[in-house]
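Please read the structure below before turning to the comments.
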Amino acid sequence: MSDSMDGRSADAVFGLLADSTRVEILRAVAVKQSELPQRSGPMRLSFSDIYDAVDVDNTSKLSYHLGELTGTFLRKDEDGYSFTHAGQELVRFVLSGNYERPPAFGPVETRGTCLFCGATELEARFQHELFFVVCTDCEEPAMGYFLKPAQARAWDGEELVRMAIRKQTFDYRQVRRGVCPTCAGPLSTVVMDASDSPLPDADSFVAVDRCEACLRRYSGPLTYGVAHHPASVAFHWDHGIDVLSEGIRLFNDRIRAGRWTSEQAATDPAEYAVELREGDDVLRARLDDTATVIHTERVRRSGVGQPE
């Protein structure tokens, strides 16, 4: 396992948490911080504040454990102790219970359109600890995404489906801006021709993004990426549509109806043209070979021969 920039290996960092007292100290610091008046900047706790909040035998034992945690999960200055970035990430993970398995869910009937066959009989369900909205006709997924246990405990039924779609929508907006929603690392992107896949002919180009830090992958049709762009959000809002709330329910329907389309417009370097239609109005977008929108324009057509 490779060392981090300051020489600490990952196994050494996680080894600090082998003692349950240290996890409890981090939890206690977070709880104690939440009780402080809200203010900007790090919220620091004194040694005595932490000692009063943690069940330890004596001050020497607490001092030892704080010394082990400081520099990795806690920082210390003359005003007291506060969390490092790693400490914040870890303690929120612990407090939310996101290390647990998601609770049982579904199947739940939900509205939407299957991207592959156009059917509207969909079910939301868990498969392999992932959240899927699946077509009951062809069994293809209308969407698939990671669902955090805290999410599944807070909502149920159709409300959970709605929240999962919203989370996916906002995460994918971040992806299209080149930032990994999981770790905030940079993404590398390639556009693939998926015309030999079951995707509709209207949009058979897929942007595949790979995080250079945590290696997570994301993918979606080119029209999906344009749909999240501010120009699209404004365009659809003018037509009474909150495109960000609708998410894949709107996206799949528009592609199946042929109202959202993509095509390759140039080579060397590659460029792509995407059109999103609402009635007689069209939003046109030009994308480069990293699926980045480089130009948009609105036009109005006569509507003759155009899908409605």
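For the structure tokens, the naming scheme is as follows: chains receive sequential letters (A, B, ...) according to their order of presentation, residues are indexed from 1 within each chain, and ligands are indexed from 1 in presentation order.
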
Would you give me, as a Markdown table, each residue of segment 4-121 of chain A having an atom within 12 Å of an atom of segment 183-186 of chain A, along with its shortest atom pair and that distance in Å to one decimal, using only C-alpha atoms and sorting by chain and residue number?
```
| residue | atom | partner | partner_atom | distance |
| --- | --- | --- | --- | --- |
| A:His85 | CA | A:Cys183 | CA | 11.7 |
| A:Ala86 | CA | A:Cys183 | CA | 11.5 |
| A:Glu89 | CA | A:Cys183 | CA | 10.2 |
```

Any chance you could export the current selection's C-alpha atoms as a tab-separated table (two decimals), in the first residue's frame?
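Below is the file selection_11.tsv, written as the result:
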```
chain	number	residue	atom	x	y	z
A	85	HIS	CA	-10.44	16.79	6.83
A	86	ALA	CA	-9.92	13.06	7.46
A	89	GLU	CA	-15.05	12.56	6.84
```

With only C-alpha atoms as the counted atoms, please give the residues lying no more than 10 Å from Glu100 of chain A, apart from itself and same-chain residues fewer than 6 positions off, as a PDB file with C-alpha atoms, in the first residue's frame.
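What landed in part30.pdb:
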```pdb
ATOM      1  CA  PHE A  93     -19.483   8.445   8.275  1.00  0.00           C
ATOM      2  CA  VAL A  94     -19.707   6.956  11.787  1.00  0.00           C
ATOM      3  CA  LYS A 148     -26.426   5.487   1.373  1.00  0.00           C
ATOM      4  CA  PRO A 149     -27.875   3.658   4.416  1.00  0.00           C
ATOM      5  CA  ALA A 150     -28.744   7.000   6.057  1.00  0.00           C
TER       6      ALA A 150
END
```

I'd like a table as CSV: residues in segment 45-151 of chain A with an atom no more than 10 Å from segment 12-29 of chain A, each row giving the shortest atom pair and its distance in Å to one decimal, only C-alpha atoms counted, sorted by chain and rising residue number.
```
residue,atom,partner,partner_atom,distance
A:Leu45,CA,A:Val29,CA,7.5
A:Asp49,CA,A:Val29,CA,8.6
A:Ile50,CA,A:Val29,CA,6.5
A:Tyr51,CA,A:Ile25,CA,9.0
A:Asp52,CA,A:Ala28,CA,9.6
A:Ala53,CA,A:Ala28,CA,6.0
A:Val54,CA,A:Ile25,CA,6.2
A:Asp55,CA,A:Thr21,CA,8.5
A:Val56,CA,A:Thr21,CA,8.0
A:Lys61,CA,A:Thr21,CA,9.8
A:Leu62,CA,A:Ile25,CA,8.7
A:His65,CA,A:Arg22,CA,6.3
A:Leu66,CA,A:Arg22,CA,7.8
A:Glu68,CA,A:Leu16,CA,7.0
A:Leu69,CA,A:Leu16,CA,7.0
A:Thr72,CA,A:Val13,CA,7.2
A:Phe73,CA,A:Leu26,CA,8.1
A:Leu74,CA,A:Leu26,CA,8.3
A:Tyr81,CA,A:Val29,CA,8.7
A:Ser82,CA,A:Val29,CA,8.0
A:Phe83,CA,A:Val29,CA,8.5
A:Ala86,CA,A:Val13,CA,9.8
A:Gly87,CA,A:Leu26,CA,7.5
A:Gln88,CA,A:Leu26,CA,9.0
A:Leu90,CA,A:Leu26,CA,8.6
A:Val91,CA,A:Arg27,CA,6.1
A:Arg92,CA,A:Arg27,CA,8.7
A:Val94,CA,A:Arg27,CA,7.7
A:Leu95,CA,A:Arg27,CA,7.1
```

| query | What are the DSSP alpha helix (DSSP H) residues of segment 193-266 of chain A, as a PyMOL selection string? | reply | chain A and resi 222-227+230-237+243-246+248-256

| request: Would you list, as a PyMOL selection string, the residues of segment 106-306 of chain A that end up in strand (DSSP E) under DSSP run on this structure's backbone? | output: chain A and resi 108-110+122-127+130-135+141-146+187-193+205-211+217-221+260-266+271-278+281-287+293-300

| said: I'd like the contact shell of Phe251 of chain A - 9 Å cut-off, only C-alpha atoms, skipping same-chain residues fewer than 2 positions apart - returned as a list in words. | reply: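 Listed by chain and then number, they are Thr113, Leu115, Thr223, Tyr224, Ala227, Val243, Glu246, Gly247, Ile248, Arg249, Asp253, Arg254, Ile255, Arg256 and Trp260 of chain A.
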
Using only N, CA, C and O atoms, please write the residues we just selected to a file, as an mmCIF file, in the first residue's frame.
```cif
data_model
loop_
_atom_site.group_PDB
_atom_site.id
_atom_site.type_symbol
_atom_site.label_atom_id
_atom_site.label_comp_id
_atom_site.auth_asym_id
_atom_site.auth_seq_id
_atom_site.Cartn_x
_atom_site.Cartn_y
_atom_site.Cartn_z
ATOM 1 N N THR A 113 -40.039 6.056 -17.511
ATOM 2 C CA THR A 113 -39.981 5.418 -18.824
ATOM 3 C C THR A 113 -38.711 4.604 -18.926
ATOM 4 O O THR A 113 -37.627 5.076 -18.556
ATOM 5 N N LEU A 115 -35.621 3.358 -20.710
ATOM 6 C CA LEU A 115 -34.819 3.899 -21.800
ATOM 7 C C LEU A 115 -34.672 2.893 -22.933
ATOM 8 O O LEU A 115 -34.501 3.268 -24.097
ATOM 9 N N THR A 223 -26.825 13.511 -24.009
ATOM 10 C CA THR A 223 -27.939 14.414 -23.739
ATOM 11 C C THR A 223 -28.133 14.620 -22.235
ATOM 12 O O THR A 223 -28.561 15.701 -21.806
ATOM 13 N N TYR A 224 -27.830 13.612 -21.421
ATOM 14 C CA TYR A 224 -27.973 13.756 -19.974
ATOM 15 C C TYR A 224 -27.051 14.856 -19.460
ATOM 16 O O TYR A 224 -27.431 15.659 -18.605
ATOM 17 N N ALA A 227 -28.413 18.165 -20.376
ATOM 18 C CA ALA A 227 -29.625 18.445 -19.596
ATOM 19 C C ALA A 227 -29.307 19.114 -18.270
ATOM 20 O O ALA A 227 -30.088 19.914 -17.756
ATOM 21 N N VAL A 243 -36.077 20.551 -14.569
ATOM 22 C CA VAL A 243 -35.350 19.409 -15.120
ATOM 23 C C VAL A 243 -34.521 18.703 -14.054
ATOM 24 O O VAL A 243 -34.311 17.487 -14.116
ATOM 25 N N GLU A 246 -36.884 16.393 -11.970
ATOM 26 C CA GLU A 246 -37.411 15.269 -12.744
ATOM 27 C C GLU A 246 -36.343 14.214 -13.015
ATOM 28 O O GLU A 246 -36.620 13.023 -13.031
ATOM 29 N N GLY A 247 -35.116 14.649 -13.271
ATOM 30 C CA GLY A 247 -34.022 13.706 -13.466
ATOM 31 C C GLY A 247 -34.298 12.702 -14.566
ATOM 32 O O GLY A 247 -34.841 13.035 -15.624
ATOM 33 N N ILE A 248 -33.922 11.442 -14.302
ATOM 34 C CA ILE A 248 -33.985 10.411 -15.354
ATOM 35 C C ILE A 248 -35.414 10.146 -15.815
ATOM 36 O O ILE A 248 -35.613 9.609 -16.906
ATOM 37 N N ARG A 249 -36.408 10.498 -15.009
ATOM 38 C CA ARG A 249 -37.781 10.305 -15.471
ATOM 39 C C ARG A 249 -38.059 11.144 -16.713
ATOM 40 O O ARG A 249 -38.678 10.690 -17.668
ATOM 41 N N ASP A 253 -37.734 9.676 -20.964
ATOM 42 C CA ASP A 253 -38.918 9.933 -21.787
ATOM 43 C C ASP A 253 -38.555 10.733 -23.030
ATOM 44 O O ASP A 253 -39.001 10.424 -24.138
ATOM 45 N N ARG A 254 -37.715 11.759 -22.864
ATOM 46 C CA ARG A 254 -37.372 12.617 -24.001
ATOM 47 C C ARG A 254 -36.525 11.876 -25.036
ATOM 48 O O ARG A 254 -36.685 12.075 -26.243
ATOM 49 N N ILE A 255 -35.612 11.049 -24.588
ATOM 50 C CA ILE A 255 -34.788 10.295 -25.541
ATOM 51 C C ILE A 255 -35.634 9.270 -26.289
ATOM 52 O O ILE A 255 -35.532 9.125 -27.512
ATOM 53 N N ARG A 256 -36.486 8.553 -25.562
ATOM 54 C CA ARG A 256 -37.331 7.558 -26.212
ATOM 55 C C ARG A 256 -38.250 8.199 -27.249
ATOM 56 O O ARG A 256 -38.530 7.609 -28.290
ATOM 57 N N TRP A 260 -34.781 14.435 -27.640
ATOM 58 C CA TRP A 260 -33.393 14.731 -27.291
ATOM 59 C C TRP A 260 -32.512 13.870 -28.178
ATOM 60 O O TRP A 260 -32.672 12.635 -28.223
#
```
